[in-house]
>>> print(open('my_file-v3.tsv').read())   # TSV, C-alpha atoms
chain	number	residue	atom	x	y	z
A	1	MET	CA	79.58	69.10	35.51
A	2	TRP	CA	79.14	66.32	37.99
A	3	SER	CA	81.12	64.65	40.72
A	4	TYR	CA	80.14	61.43	42.42
A	5	ASP	CA	80.26	60.67	46.11
A	6	LYS	CA	80.69	56.98	46.80
A	7	ILE	CA	77.92	56.75	49.40
A	8	LEU	CA	74.14	56.62	49.18
A	9	GLN	CA	72.22	59.74	50.20
A	10	TYR	CA	70.25	57.56	52.65
A	11	PRO	CA	71.33	54.10	53.87
A	12	ILE	CA	69.67	51.03	52.36
A	13	ARG	CA	70.19	47.64	53.89
A	14	ILE	CA	67.51	45.13	52.88
A	15	LYS	CA	67.82	41.69	54.46
A	16	ASN	CA	64.90	39.87	52.82
A	17	PRO	CA	64.59	39.37	49.06
A	18	ASN	CA	61.25	40.36	47.49
A	19	PRO	CA	61.11	40.16	43.69
A	20	ALA	CA	57.45	41.22	43.61
A	21	MET	CA	58.28	44.45	45.43
A	22	ALA	CA	61.31	44.94	43.17
A	23	THR	CA	59.18	44.98	40.02
A	24	LEU	CA	56.92	47.61	41.60
A	25	ILE	CA	59.69	49.84	42.96
A	26	ILE	CA	61.35	49.76	39.52
A	27	SER	CA	58.68	52.25	38.47
A	28	GLN	CA	60.50	54.96	40.42
A	29	TYR	CA	63.62	54.07	38.44
A	30	GLY	CA	62.33	54.11	34.87
A	31	GLY	CA	58.62	54.80	35.13
A	32	PRO	CA	56.61	57.90	34.14
A	33	ASP	CA	56.86	59.58	37.54
A	34	GLY	CA	60.25	58.20	38.48
A	35	GLU	CA	63.61	59.71	39.37
A	36	LEU	CA	65.24	59.31	35.96
A	37	GLY	CA	62.45	61.30	34.36
A	38	ALA	CA	62.55	63.92	37.10
A	39	SER	CA	66.27	64.39	36.81
A	40	LEU	CA	66.22	64.63	33.01
A	41	ARG	CA	63.30	67.06	33.08
A	42	TYR	CA	64.89	69.49	35.53
A	43	LEU	CA	68.41	69.32	34.08
A	44	SER	CA	66.98	69.95	30.60
A	45	GLN	CA	64.69	72.79	31.64
A	46	ARG	CA	67.45	74.80	33.29
A	47	PHE	CA	68.97	75.90	29.96
A	48	THR	CA	66.02	78.11	29.13
A	49	MET	CA	64.87	79.01	32.66
A	50	ILE	CA	65.00	82.58	33.91
A	51	THR	CA	66.14	84.13	37.22
A	52	PRO	CA	69.21	82.80	38.99
A	53	GLU	CA	67.09	81.43	41.84
A	54	ALA	CA	65.01	79.21	39.55
A	55	ILE	CA	67.98	78.07	37.46
A	56	ALA	CA	69.95	77.05	40.55
A	57	THR	CA	66.90	75.23	41.90
A	58	LEU	CA	66.53	73.22	38.68
A	59	SER	CA	70.21	72.38	38.56
A	60	ASP	CA	70.46	71.29	42.19
A	61	ILE	CA	67.20	69.38	42.42
A	62	GLY	CA	68.00	67.70	39.07
A	63	THR	CA	71.27	66.60	40.60
A	64	GLU	CA	69.64	65.36	43.79
A	65	GLU	CA	67.23	63.26	41.73
A	66	LEU	CA	70.22	61.34	40.32
A	67	ALA	CA	71.10	60.41	43.91
A	68	HIS	CA	67.52	59.23	44.33
A	69	LEU	CA	67.77	57.21	41.10
A	70	GLU	CA	70.74	55.49	42.67
A	71	MET	CA	68.75	54.72	45.82
A	72	VAL	CA	65.85	53.22	43.87
A	73	GLY	CA	68.22	51.12	41.77
A	74	THR	CA	69.88	49.96	44.98
A	75	MET	CA	66.53	48.86	46.40
A	76	VAL	CA	65.71	46.81	43.29
A	77	TYR	CA	69.22	45.30	43.31
A	78	GLN	CA	69.04	44.30	46.98
A	79	LEU	CA	65.47	42.94	46.68
A	80	MET	CA	66.49	40.63	43.79
A	81	LYS	CA	70.00	39.81	44.89
A	82	ASN	CA	69.42	36.71	47.01
A	83	ALA	CA	66.10	35.59	45.54
A	84	THR	CA	66.17	32.14	43.96
A	85	VAL	CA	64.79	31.70	40.44
A	86	GLU	CA	61.88	29.75	41.96
A	87	GLU	CA	61.07	32.64	44.31
A	88	ILE	CA	61.29	35.08	41.42
A	89	GLU	CA	58.91	33.03	39.29
A	90	LYS	CA	56.49	32.43	42.15
A	91	ALA	CA	56.41	36.19	42.80
A	92	GLY	CA	55.21	36.83	39.25
A	93	ALA	CA	58.50	38.41	38.21
A	94	GLY	CA	59.31	35.73	35.62
A	95	ALA	CA	58.81	38.03	32.68
A	96	TYR	CA	61.20	40.62	34.13
A	97	PHE	CA	63.74	37.89	34.94
A	98	THR	CA	63.53	36.60	31.37
A	99	ASP	CA	64.39	39.98	29.89
A	100	HIS	CA	66.73	41.33	32.57
A	101	GLY	CA	67.72	38.59	35.02
A	102	ARG	CA	68.38	40.22	38.38
A	103	GLY	CA	69.51	43.38	36.60
A	104	VAL	CA	68.16	46.87	37.18
A	105	TYR	CA	66.44	48.01	33.97
A	106	PRO	CA	64.71	51.38	33.59
A	107	GLN	CA	61.05	50.57	33.07
A	108	SER	CA	57.69	51.20	34.68
A	109	ALA	CA	55.96	48.74	37.01
A	110	ALA	CA	53.81	47.74	34.04
A	111	GLY	CA	56.89	46.95	31.92
A	112	THR	CA	57.02	50.03	29.68
A	113	PRO	CA	60.67	50.94	28.99
A	114	PHE	CA	61.71	54.42	30.07
A	115	THR	CA	60.47	57.15	27.79
A	116	ALA	CA	60.83	60.92	27.74
A	117	ALA	CA	57.19	61.04	26.62
A	118	ALA	CA	56.27	61.38	30.30
A	119	LEU	CA	58.18	64.64	30.62
A	120	GLN	CA	57.89	68.08	29.14
A	121	VAL	CA	60.43	70.80	28.55
A	122	LYS	CA	58.44	73.69	27.12
A	123	GLY	CA	61.10	76.38	27.35
A	124	ASP	CA	58.55	78.66	29.01
A	125	PRO	CA	59.46	79.36	32.64
A	126	ILE	CA	55.90	79.37	34.03
A	127	VAL	CA	54.98	76.20	32.13
A	128	ASP	CA	58.14	74.36	33.16
A	129	LEU	CA	57.87	75.20	36.86
A	130	THR	CA	54.17	74.31	36.89
A	131	GLU	CA	55.06	70.99	35.22
A	132	ASN	CA	57.60	70.41	37.98
A	133	LEU	CA	55.09	71.07	40.77
A	134	ALA	CA	52.92	68.37	39.20
A	135	ALA	CA	55.92	66.05	38.81
A	136	GLU	CA	56.81	66.29	42.51
A	137	GLN	CA	53.24	65.48	43.52
A	138	LYS	CA	53.18	62.52	41.15
A	139	ALA	CA	56.40	61.19	42.64
A	140	ARG	CA	55.13	61.73	46.19
A	141	GLY	CA	51.90	59.91	45.33
A	142	THR	CA	53.80	57.00	43.81
A	143	TYR	CA	55.98	56.63	46.91
A	144	GLU	CA	52.81	56.61	49.02
A	145	TYR	CA	51.34	53.78	46.95
A	146	LEU	CA	54.61	51.85	47.26
A	147	ILE	CA	54.71	52.42	51.03
A	148	GLN	CA	51.12	51.16	51.29
A	149	MET	CA	52.13	47.93	49.57
A	150	ALA	CA	55.42	47.36	51.41
A	151	ASP	CA	55.62	45.63	54.76
A	152	ASP	CA	59.37	45.37	55.33
A	153	PRO	CA	60.72	48.29	57.44
A	154	ASP	CA	64.04	48.05	55.55
A	155	VAL	CA	62.07	48.96	52.43
A	156	ILE	CA	59.59	51.38	54.01
A	157	GLU	CA	62.17	53.67	55.63
A	158	PRO	CA	64.04	54.60	52.42
A	159	LEU	CA	60.70	55.01	50.61
A	160	LYS	CA	59.55	57.42	53.34
A	161	PHE	CA	62.79	59.39	52.97
A	162	LEU	CA	62.30	59.67	49.21
A	163	ARG	CA	58.68	60.73	49.70
A	164	GLU	CA	59.70	63.49	52.12
A	165	ARG	CA	62.25	64.82	49.62
A	166	GLU	CA	59.44	65.24	47.07
A	167	VAL	CA	57.52	67.35	49.58
A	168	VAL	CA	60.58	69.59	50.05
A	169	HIS	CA	61.15	69.82	46.29
A	170	TYR	CA	57.55	70.92	45.78
A	171	GLN	CA	58.12	73.77	48.22
A	172	ARG	CA	61.32	74.82	46.41
A	173	PHE	CA	59.73	74.78	42.96
A	174	GLY	CA	56.84	76.76	44.41
A	175	GLU	CA	59.29	79.38	45.67
A	176	ALA	CA	61.14	79.38	42.33
A	177	LEU	CA	57.80	80.05	40.62
A	178	ARG	CA	57.27	83.03	42.94
A	179	LYS	CA	60.66	84.44	41.95
A	180	VAL	CA	59.85	84.03	38.25
A	181	GLN	CA	56.40	85.59	38.72
A	182	ASP	CA	57.93	88.61	40.50
A	183	TYR	CA	60.56	89.00	37.80
A	184	LEU	CA	58.00	88.90	34.99
A	185	GLN	CA	55.88	91.56	36.71
A	186	GLU	CA	58.73	94.02	37.09
A	187	PRO	CA	58.76	96.88	34.61
A	188	ARG	CA	61.81	96.52	32.41
A	189	LEU	CA	63.82	98.87	30.23
A	190	PHE	CA	62.59	98.89	26.66
A	191	ILE	CA	65.51	98.56	24.26
A	192	MET	CA	64.97	100.26	20.90
A	193	PRO	CA	65.79	97.81	18.13
A	194	LYS	CA	68.37	98.93	15.55
A	195	PRO	CA	66.82	99.90	12.22
A	196	GLU	CA	67.58	97.39	9.44
A	197	PHE	CA	69.66	99.67	7.25
A	198	MET	CA	72.22	100.16	10.05
A	199	ASN	CA	73.28	96.46	9.95
A	200	ASN	CA	75.83	94.94	7.61
A	201	ARG	CA	76.56	97.99	5.42
B	8	MET	CA	55.85	89.38	51.51
B	9	VAL	CA	56.72	89.83	47.88
B	10	ASN	CA	60.33	90.78	47.36
B	11	ASN	CA	60.43	92.79	44.14
B	12	ILE	CA	64.10	93.69	44.56
B	13	ARG	CA	66.66	91.19	43.31
B	14	PRO	CA	68.33	89.77	46.41
B	15	ARG	CA	71.78	91.11	45.54
B	16	ASP	CA	70.32	94.62	45.63
B	17	ASN	CA	69.22	94.26	49.24
B	18	ILE	CA	72.31	95.63	50.96
B	19	TYR	CA	70.76	95.43	54.39
B	20	GLY	CA	70.50	91.64	54.20
B	21	MET	CA	67.11	92.00	55.80
B	22	ASN	CA	66.10	89.03	57.88
B	23	PRO	CA	62.45	88.39	57.09
B	24	ARG	CA	62.01	86.75	60.46
B	25	ASN	CA	63.20	89.84	62.23
B	26	PRO	CA	62.90	92.80	59.86
B	27	MET	CA	63.49	95.40	62.61
B	28	ASN	CA	66.62	93.52	63.74
B	29	VAL	CA	65.44	93.09	67.30
B	30	PRO	CA	68.10	91.03	69.09
B	31	ASN	CA	67.21	87.77	70.89
B	32	MET	CA	63.85	87.53	69.16
B	33	THR	CA	62.49	84.01	69.58
B	34	ASN	CA	59.11	84.41	67.90
B	35	CYS	CA	60.21	82.95	64.62
B	36	VAL	CA	57.46	82.27	62.10
B	37	SER	CA	58.63	79.66	59.68
B	38	GLN	CA	56.39	80.66	56.79
B	39	GLU	CA	54.58	83.49	55.06
B	40	MET	CA	51.07	83.60	56.52
B	41	VAL	CA	49.63	86.16	54.08
B	42	ILE	CA	50.46	86.68	50.41
B	43	GLU	CA	49.78	90.17	49.10
B	44	ASN	CA	48.97	91.57	45.66
B	45	VAL	CA	48.04	88.21	44.24
B	46	ARG	CA	47.00	88.07	40.60
B	47	LEU	CA	44.37	86.00	38.84
B	48	ALA	CA	45.36	82.89	36.90
B	49	ALA	CA	48.58	82.41	38.87
B	50	ALA	CA	49.50	79.86	41.51
B	51	TYR	CA	51.21	80.89	44.76
B	52	VAL	CA	53.16	78.71	47.16
B	53	PRO	CA	53.93	80.56	50.43
B	54	TYR	CA	57.60	81.10	51.23
B	55	GLN	CA	59.12	79.07	54.01
B	56	PHE	CA	61.52	80.80	56.42
B	57	MET	CA	64.20	78.99	58.38
B	58	CYS	CA	63.77	79.04	62.16
B	59	GLU	CA	65.09	75.98	63.98
B	60	LEU	CA	66.80	73.02	62.35
B	61	PHE	CA	66.74	69.34	63.23
B	62	ASN	CA	70.12	67.99	64.31
B	63	PRO	CA	71.90	66.19	61.43
B	64	VAL	CA	71.10	62.57	62.30
B	65	GLU	CA	67.48	63.42	62.96
B	66	ALA	CA	67.33	65.38	59.70
B	67	LEU	CA	68.67	62.38	57.78
B	68	ALA	CA	66.16	60.05	59.44
B	69	LYS	CA	63.26	62.39	58.68
B	70	GLY	CA	64.36	63.46	55.19
B	71	THR	CA	64.64	67.19	55.84
B	72	ALA	CA	66.54	69.68	58.01
B	73	PHE	CA	63.37	71.78	58.51
B	74	PRO	CA	60.70	70.80	61.08
B	75	GLU	CA	58.09	72.90	59.23
B	76	LEU	CA	58.56	70.82	56.06
B	77	TYR	CA	58.46	67.46	57.80
B	78	SER	CA	55.35	65.62	56.64
B	79	PRO	CA	55.14	62.22	58.36
B	80	TYR	CA	53.25	59.56	56.41
B	81	ASP	CA	51.40	56.83	58.24
B	82	GLY	CA	51.19	54.51	55.25
B	83	LYS	CA	47.44	54.80	54.96
B	84	SER	CA	45.58	55.69	51.81
B	85	ARG	CA	44.14	59.19	51.77
B	86	ASN	CA	41.66	58.20	49.07
B	87	ARG	CA	39.13	56.35	51.14
B	88	ALA	CA	37.91	56.01	54.70
B	89	GLN	CA	39.78	53.24	56.52
C	4	MET	CA	90.47	50.96	62.92
C	5	ALA	CA	87.36	49.22	64.24
C	6	ASN	CA	84.57	48.63	61.74
C	7	ASN	CA	82.34	50.62	64.10
C	8	ASN	CA	84.08	53.82	63.19
C	9	PHE	CA	83.77	53.07	59.45
C	10	MET	CA	79.98	52.97	59.80
C	11	GLU	CA	79.86	55.80	62.33
C	12	LEU	CA	81.82	58.13	60.03
C	13	ARG	CA	79.64	57.26	57.05
C	14	LYS	CA	76.59	58.04	59.17
C	15	GLU	CA	77.99	61.43	60.20
C	16	ILE	CA	78.95	62.25	56.60
C	17	SER	CA	75.46	61.35	55.37
C	18	ALA	CA	73.84	63.35	58.18
C	19	VAL	CA	75.91	66.49	57.55
C	20	HIS	CA	75.27	66.08	53.82
C	21	MET	CA	71.52	66.14	54.52
C	22	MET	CA	71.93	69.50	56.27
C	23	LEU	CA	74.01	70.85	53.39
C	24	GLU	CA	71.58	69.61	50.75
C	25	ASP	CA	68.54	71.14	52.42
C	26	LEU	CA	70.25	74.42	53.34
C	27	GLN	CA	71.67	74.79	49.84
C	28	LEU	CA	68.29	74.27	48.20
C	29	TYR	CA	66.79	76.74	50.70
C	30	LEU	CA	69.47	79.32	49.91
C	31	ASN	CA	68.78	79.08	46.16
C	32	THR	CA	65.40	80.69	46.83
C	33	HIS	CA	66.45	82.69	49.92
C	34	PRO	CA	69.85	84.12	48.92
C	35	SER	CA	69.60	86.95	51.50
C	36	ASP	CA	69.21	84.74	54.56
C	37	ARG	CA	72.45	85.49	56.41
C	38	ASP	CA	71.76	83.04	59.17
C	39	ALA	CA	71.23	80.20	56.71
C	40	ILE	CA	74.51	81.00	54.96
C	41	ALA	CA	76.36	80.96	58.29
C	42	LYS	CA	74.82	77.65	59.30
C	43	ARG	CA	75.55	76.14	55.90
C	44	ASN	CA	79.18	77.27	55.97
C	45	ALA	CA	79.60	75.76	59.44
C	46	PHE	CA	78.42	72.42	58.04
C	47	VAL	CA	80.86	72.75	55.13
C	48	ARG	CA	83.74	73.02	57.62
C	49	GLN	CA	82.40	70.02	59.50
C	50	MET	CA	82.11	68.02	56.28
C	51	ARG	CA	85.72	68.80	55.33
C	52	MET	CA	86.90	67.39	58.66
C	53	LEU	CA	84.71	64.29	58.39
C	54	LYS	CA	85.80	63.54	54.83
C	55	ASP	CA	89.46	64.08	55.73
C	56	GLU	CA	89.18	61.66	58.61
C	57	TYR	CA	87.39	59.12	56.43
C	58	ASN	CA	89.97	59.52	53.70
C	59	LYS	CA	92.83	59.02	56.14
C	60	ASN	CA	91.42	55.82	57.61
C	61	TYR	CA	89.02	54.11	55.23
C	62	GLY	CA	89.07	55.31	51.67
C	63	MET	CA	87.69	57.78	49.16
C	64	ILE	CA	84.17	59.19	49.30
C	65	SER	CA	84.80	61.73	46.55
C	66	GLN	CA	87.54	61.61	43.94
C	67	ASP	CA	88.94	65.07	43.22
C	68	ASP	CA	89.74	66.00	46.80
C	69	SER	CA	90.90	62.64	48.16
C	70	LEU	CA	94.38	61.19	48.27
C	71	SER	CA	94.90	57.54	47.36
C	72	PRO	CA	97.47	55.14	48.70
C	73	TYR	CA	98.83	52.28	46.57
C	74	PRO	CA	97.08	50.51	44.93
C	75	TRP	CA	94.37	52.81	43.50
C	76	GLN	CA	91.79	53.05	46.25
C	77	TRP	CA	88.78	54.43	44.39
C	78	ILE	CA	87.88	50.96	43.09
C	79	ASP	CA	87.75	49.46	46.60
C	80	GLU	CA	84.77	47.60	47.88
C	81	PRO	CA	82.12	47.80	49.13
C	82	TRP	CA	80.19	49.76	46.51
C	83	PRO	CA	77.48	52.03	47.95
C	84	TRP	CA	74.61	49.81	46.76
C	85	GLU	CA	75.88	46.78	48.68
C	86	PRO	CA	74.24	46.20	52.08
C	87	ASP	CA	77.70	46.13	53.70
C	88	ALA	CA	78.34	49.76	52.76
C	89	ASN	CA	75.24	50.94	54.61
C	90	PHE	CA	74.99	51.84	58.30
C	91	LYS	CA	71.99	51.33	60.50
C	92	LEU	CA	70.23	54.66	61.12
>>> encode(input="my_file-v3.tsv", output="structure tokens")
Amino acid sequence: MWSYDKILQYPIRIKNPNPAMATLIISQYGGPDGELGASLRYLSQRFTMITPEAIATLSDIGTEELAHLEMVGTMVYQLMKNATVEEIEKAGAGAYFTDHGRGVYPQSAAGTPFTAAALQVKGDPIVDLTENLAAEQKARGTYEYLIQMADDPDVIEPLKFLREREVVHYQRFGEALRKVQDYLQEPRLFIMPKPEFMNNR
Amino acid sequence: MVNNIRPRDNIYGMNPRNPMNVPNMTNCVSQEMVIENVRLAAAYVPYQFMCELFNPVEALAKGTAFPELYSPYDGKSRNRAQ
Amino acid sequence: MANNNFMELRKEISAVHMMLEDLQLYLNTHPSDRDAIAKRNAFVRQMRMLKDEYNKNYGMISQDDSLSPYPWQWIDEPWPWEPDANFKL
């Protein structure tokens, strides 16, 4: 179950509109390596994960990614907010404006609407945690590309924060994988199955 | 250090940074330096261990409470020489 | 109350939340780290005080544990995604 705190995880206060940047940053909202996908992936994987340590990690990081989703949406909102239609068009964001105005719509930088095709929930603990290690690197890499393109410190600082969180998440998923590996290597009690004729008679 | 015992079973609450419980020990190592009994076809990320923490405002600014996990980015591409 | 304290309190709440977030994730994979539990619990107590003070003077950060005056305060502005809700770090 979720509660909502009415404050961003990290402060975002962007003074200068930049529609071009907005349509790039939107990729971390609804794109293949973005926060919506990350959150959905982790929150879905936790149902079939094993070991309390790994399950808690999925649940809590999945929750934190929603807070990051909110931050990315905030950045897009603030970057578009005071841009004139002329500025938006000149920045090459006319197509986005046509379909969504100044709204925040989950899509990739290239315009592909959000899809779960970019995520996997295999139901196998080693597969899922390995998928997540890759996901955190993809997100970190994307934030690095965005930071390389940005020049406004009001934009760069929150992007750097989000990038650092991906580094921390990678470490946690790595540790969760260790816990799962240890658990799977432990010898376990073999439980003799009940013979068929004992059931339902 | 591979902990094969489920944490709740460890009644001594062993502190990996100070397994012999020496008081006032300041030589805190914030990560596993050696991983033992590794198997083939498996990936291993070393465990981190908490030593010092950033103060809260600094932690918020940097994006983590742990100095050993802080990875500053200079904004340059790592893909080519610049 | 001066607007300065509104921003200052939000900054302290966000900063303590960062400590809680990171310590809680750490504890999920290090459940036997006594020191980490103690530090995390200390931040919980600090957060309770900060949120109480914020609630008394400015409004509601979370719903279930915050009292509201009349009229219903949860819908107050500014919303967190507005520049005016965000302090300078």
>>> residues_around(input="my_file-v3.tsv", residues="range 170-186 of chain A", least_positions_apart="4", cutoff="6 Å", atoms="all atoms listed in the file", output="PDB file with C-alpha atoms, in the frame of the given file")
ATOM      1  CA  ALA A  54      65.010  79.210  39.550  1.00  0.00           C
ATOM      2  CA  LEU A 133      55.090  71.070  40.770  1.00  0.00           C
ATOM      3  CA  GLU A 136      56.810  66.290  42.510  1.00  0.00           C
TER       4      GLU A 136
ATOM      5  CA  VAL B  52      53.160  78.710  47.160  1.00  0.00           C
TER       6      VAL B  52
END
>>> closest_residue(input="my_file-v3.tsv", among="A:Gly101, A:Pro106, A:Pro11, A:Gly34", to="Glu166 in chain A", atoms="only C-alpha atoms")
A:Gly34
>>> axis_aligned_box(input="my_file-v3.tsv", around="range 46-56 of chain A", padding_each_side="3 Å", output="lines of an AutoDock Vina configuration file")
center_x = 67.4
center_y = 79.5
center_z = 35.5
size_x = 11.1
size_y = 15.3
size_z = 18.7
>>> residues_near_point(input="my_file-v3.tsv", point="(66.9, 79.5, 27.7)", cutoff="9 Å", atoms="all atoms listed in the file", output="CSV table (one decimal) with C-alpha atoms, keeping the file's coordinate frame")
chain,number,residue,atom,x,y,z
A,45,GLN,CA,64.7,72.8,31.6
A,46,ARG,CA,67.4,74.8,33.3
A,47,PHE,CA,69.0,75.9,30.0
A,48,THR,CA,66.0,78.1,29.1
A,49,MET,CA,64.9,79.0,32.7
A,50,ILE,CA,65.0,82.6,33.9
A,123,GLY,CA,61.1,76.4,27.4
A,124,ASP,CA,58.6,78.7,29.0
A,125,PRO,CA,59.5,79.4,32.6
>>> atom_distance(input="my_file-v3.tsv", atom1="CA of Pro32 in chain A", atom2="CA of Gly82 in chain B")
22.1 Å
>>> interface_residues(input="my_file-v3.tsv", of="chain B", to="chain A", cutoff="8 Å", atoms="all atoms listed in the file", output="PDB file with C-alpha atoms, in the coordinates of the input")
ATOM      1  CA  VAL B   9      56.720  89.830  47.880  1.00  0.00           C
ATOM      2  CA  ASN B  10      60.330  90.780  47.360  1.00  0.00           C
ATOM      3  CA  ASN B  11      60.430  92.790  44.140  1.00  0.00           C
ATOM      4  CA  TYR B  51      51.210  80.890  44.760  1.00  0.00           C
ATOM      5  CA  VAL B  52      53.160  78.710  47.160  1.00  0.00           C
ATOM      6  CA  PRO B  53      53.930  80.560  50.430  1.00  0.00           C
ATOM      7  CA  TYR B  54      57.600  81.100  51.230  1.00  0.00           C
ATOM      8  CA  GLN B  55      59.120  79.070  54.010  1.00  0.00           C
ATOM      9  CA  LEU B  67      68.670  62.380  57.780  1.00  0.00           C
ATOM     10  CA  ALA B  68      66.160  60.050  59.440  1.00  0.00           C
ATOM     11  CA  LYS B  69      63.260  62.390  58.680  1.00  0.00           C
ATOM     12  CA  GLY B  70      64.360  63.460  55.190  1.00  0.00           C
ATOM     13  CA  THR B  71      64.640  67.190  55.840  1.00  0.00           C
ATOM     14  CA  LEU B  76      58.560  70.820  56.060  1.00  0.00           C
ATOM     15  CA  TYR B  77      58.460  67.460  57.800  1.00  0.00           C
ATOM     16  CA  SER B  78      55.350  65.620  56.640  1.00  0.00           C
ATOM     17  CA  PRO B  79      55.140  62.220  58.360  1.00  0.00           C
ATOM     18  CA  TYR B  80      53.250  59.560  56.410  1.00  0.00           C
ATOM     19  CA  GLY B  82      51.190  54.510  55.250  1.00  0.00           C
ATOM     20  CA  LYS B  83      47.440  54.800  54.960  1.00  0.00           C
ATOM     21  CA  SER B  84      45.580  55.690  51.810  1.00  0.00           C
TER      22      SER B  84
END
>>> atom_distance(input="my_file-v3.tsv", atom1="CA of Pro17 in chain A", atom2="CA of Phe114 in chain A")
24.4 Å
>>> atom_distance(input="my_file-v3.tsv", atom1="CA of Ser65 in chain C", atom2="CA of Ser3 in chain A")
7.5 Å
>>> interface_residues(input="my_file-v3.tsv", of="chain C", to="chain A", cutoff="6 Å", atoms="all atoms listed in the file", output="short mmCIF file (atom, residue, chain, number, x, y, z; two decimals) with C-alpha atoms, in the coordinates of the input")
data_model
loop_
_atom_site.label_atom_id
_atom_site.label_comp_id
_atom_site.auth_asym_id
_atom_site.auth_seq_id
_atom_site.Cartn_x
_atom_site.Cartn_y
_atom_site.Cartn_z
CA ASN C 31 68.78 79.08 46.16
CA THR C 32 65.40 80.69 46.83
CA ILE C 64 84.17 59.19 49.30
CA SER C 65 84.80 61.73 46.55
CA PRO C 83 77.48 52.03 47.95
CA TRP C 84 74.61 49.81 46.76
CA PRO C 86 74.24 46.20 52.08
CA ASN C 89 75.24 50.94 54.61
#
>>> interface_residues(input="my_file-v3.tsv", of="chain C", to="chain B", cutoff="8 Å", atoms="all atoms listed in the file", output="VMD selection string")
chain C and resid 14 to 15 17 to 19 21 to 22 25 to 26 34 to 37 39 92
>>> residues_around(input="my_file-v3.tsv", residues="Asn18 in chain A", least_positions_apart="2", cutoff="8 Å", atoms="all atoms listed in the file", output="CSV table (one decimal) with C-alpha atoms, in the frame of the given file")
chain,number,residue,atom,x,y,z
A,16,ASN,CA,64.9,39.9,52.8
A,20,ALA,CA,57.4,41.2,43.6
A,21,MET,CA,58.3,44.4,45.4
A,22,ALA,CA,61.3,44.9,43.2
A,79,LEU,CA,65.5,42.9,46.7
A,80,MET,CA,66.5,40.6,43.8
A,83,ALA,CA,66.1,35.6,45.5
A,91,ALA,CA,56.4,36.2,42.8
>>> build_atoms(input="my_file-v3.tsv", residues="range 16-30 of chain A", atoms="N, CA and C atoms", output="PDB file, in the frame of the given file")
ATOM      1  N   ASN A  16      65.767  40.898  53.409  1.00  0.00           N
ATOM      2  CA  ASN A  16      64.900  39.870  52.820  1.00  0.00           C
ATOM      3  C   ASN A  16      64.586  40.141  51.351  1.00  0.00           C
ATOM      4  N   PRO A  17      64.908  39.175  50.480  1.00  0.00           N
ATOM      5  CA  PRO A  17      64.590  39.370  49.060  1.00  0.00           C
ATOM      6  C   PRO A  17      63.083  39.477  48.857  1.00  0.00           C
ATOM      7  N   ASN A  18      62.669  40.205  47.811  1.00  0.00           N
ATOM      8  CA  ASN A  18      61.250  40.360  47.490  1.00  0.00           C
ATOM      9  C   ASN A  18      61.108  40.793  46.035  1.00  0.00           C
ATOM     10  N   PRO A  19      61.151  39.814  45.118  1.00  0.00           N
ATOM     11  CA  PRO A  19      61.110  40.160  43.690  1.00  0.00           C
ATOM     12  C   PRO A  19      59.818  40.868  43.285  1.00  0.00           C
ATOM     13  N   ALA A  20      58.710  40.544  43.954  1.00  0.00           N
ATOM     14  CA  ALA A  20      57.450  41.220  43.610  1.00  0.00           C
ATOM     15  C   ALA A  20      57.578  42.713  43.883  1.00  0.00           C
ATOM     16  N   MET A  21      58.096  43.048  45.049  1.00  0.00           N
ATOM     17  CA  MET A  21      58.280  44.450  45.430  1.00  0.00           C
ATOM     18  C   MET A  21      59.264  45.117  44.470  1.00  0.00           C
ATOM     19  N   ALA A  22      60.293  44.377  44.062  1.00  0.00           N
ATOM     20  CA  ALA A  22      61.310  44.940  43.170  1.00  0.00           C
ATOM     21  C   ALA A  22      60.689  45.428  41.858  1.00  0.00           C
ATOM     22  N   THR A  23      59.764  44.611  41.314  1.00  0.00           N
ATOM     23  CA  THR A  23      59.180  44.980  40.020  1.00  0.00           C
ATOM     24  C   THR A  23      58.152  46.096  40.154  1.00  0.00           C
ATOM     25  N   LEU A  24      57.774  46.438  41.378  1.00  0.00           N
ATOM     26  CA  LEU A  24      56.920  47.610  41.600  1.00  0.00           C
ATOM     27  C   LEU A  24      57.789  48.846  41.812  1.00  0.00           C
ATOM     28  N   ILE A  25      58.804  48.706  42.648  1.00  0.00           N
ATOM     29  CA  ILE A  25      59.690  49.840  42.960  1.00  0.00           C
ATOM     30  C   ILE A  25      60.426  50.305  41.710  1.00  0.00           C
ATOM     31  N   ILE A  26      60.646  49.396  40.745  1.00  0.00           N
ATOM     32  CA  ILE A  26      61.350  49.760  39.520  1.00  0.00           C
ATOM     33  C   ILE A  26      60.668  50.936  38.816  1.00  0.00           C
ATOM     34  N   SER A  27      59.393  51.142  39.107  1.00  0.00           N
ATOM     35  CA  SER A  27      58.680  52.250  38.470  1.00  0.00           C
ATOM     36  C   SER A  27      59.277  53.603  38.855  1.00  0.00           C
ATOM     37  N   GLN A  28      59.855  53.712  40.039  1.00  0.00           N
ATOM     38  CA  GLN A  28      60.500  54.960  40.420  1.00  0.00           C
ATOM     39  C   GLN A  28      61.907  55.070  39.831  1.00  0.00           C
ATOM     40  N   TYR A  29      62.358  54.033  39.159  1.00  0.00           N
ATOM     41  CA  TYR A  29      63.620  54.070  38.440  1.00  0.00           C
ATOM     42  C   TYR A  29      63.363  54.530  37.004  1.00  0.00           C
ATOM     43  N   GLY A  30      62.533  53.802  36.287  1.00  0.00           N
ATOM     44  CA  GLY A  30      62.330  54.110  34.870  1.00  0.00           C
ATOM     45  C   GLY A  30      60.896  54.387  34.465  1.00  0.00           C
TER      46      GLY A  30
END
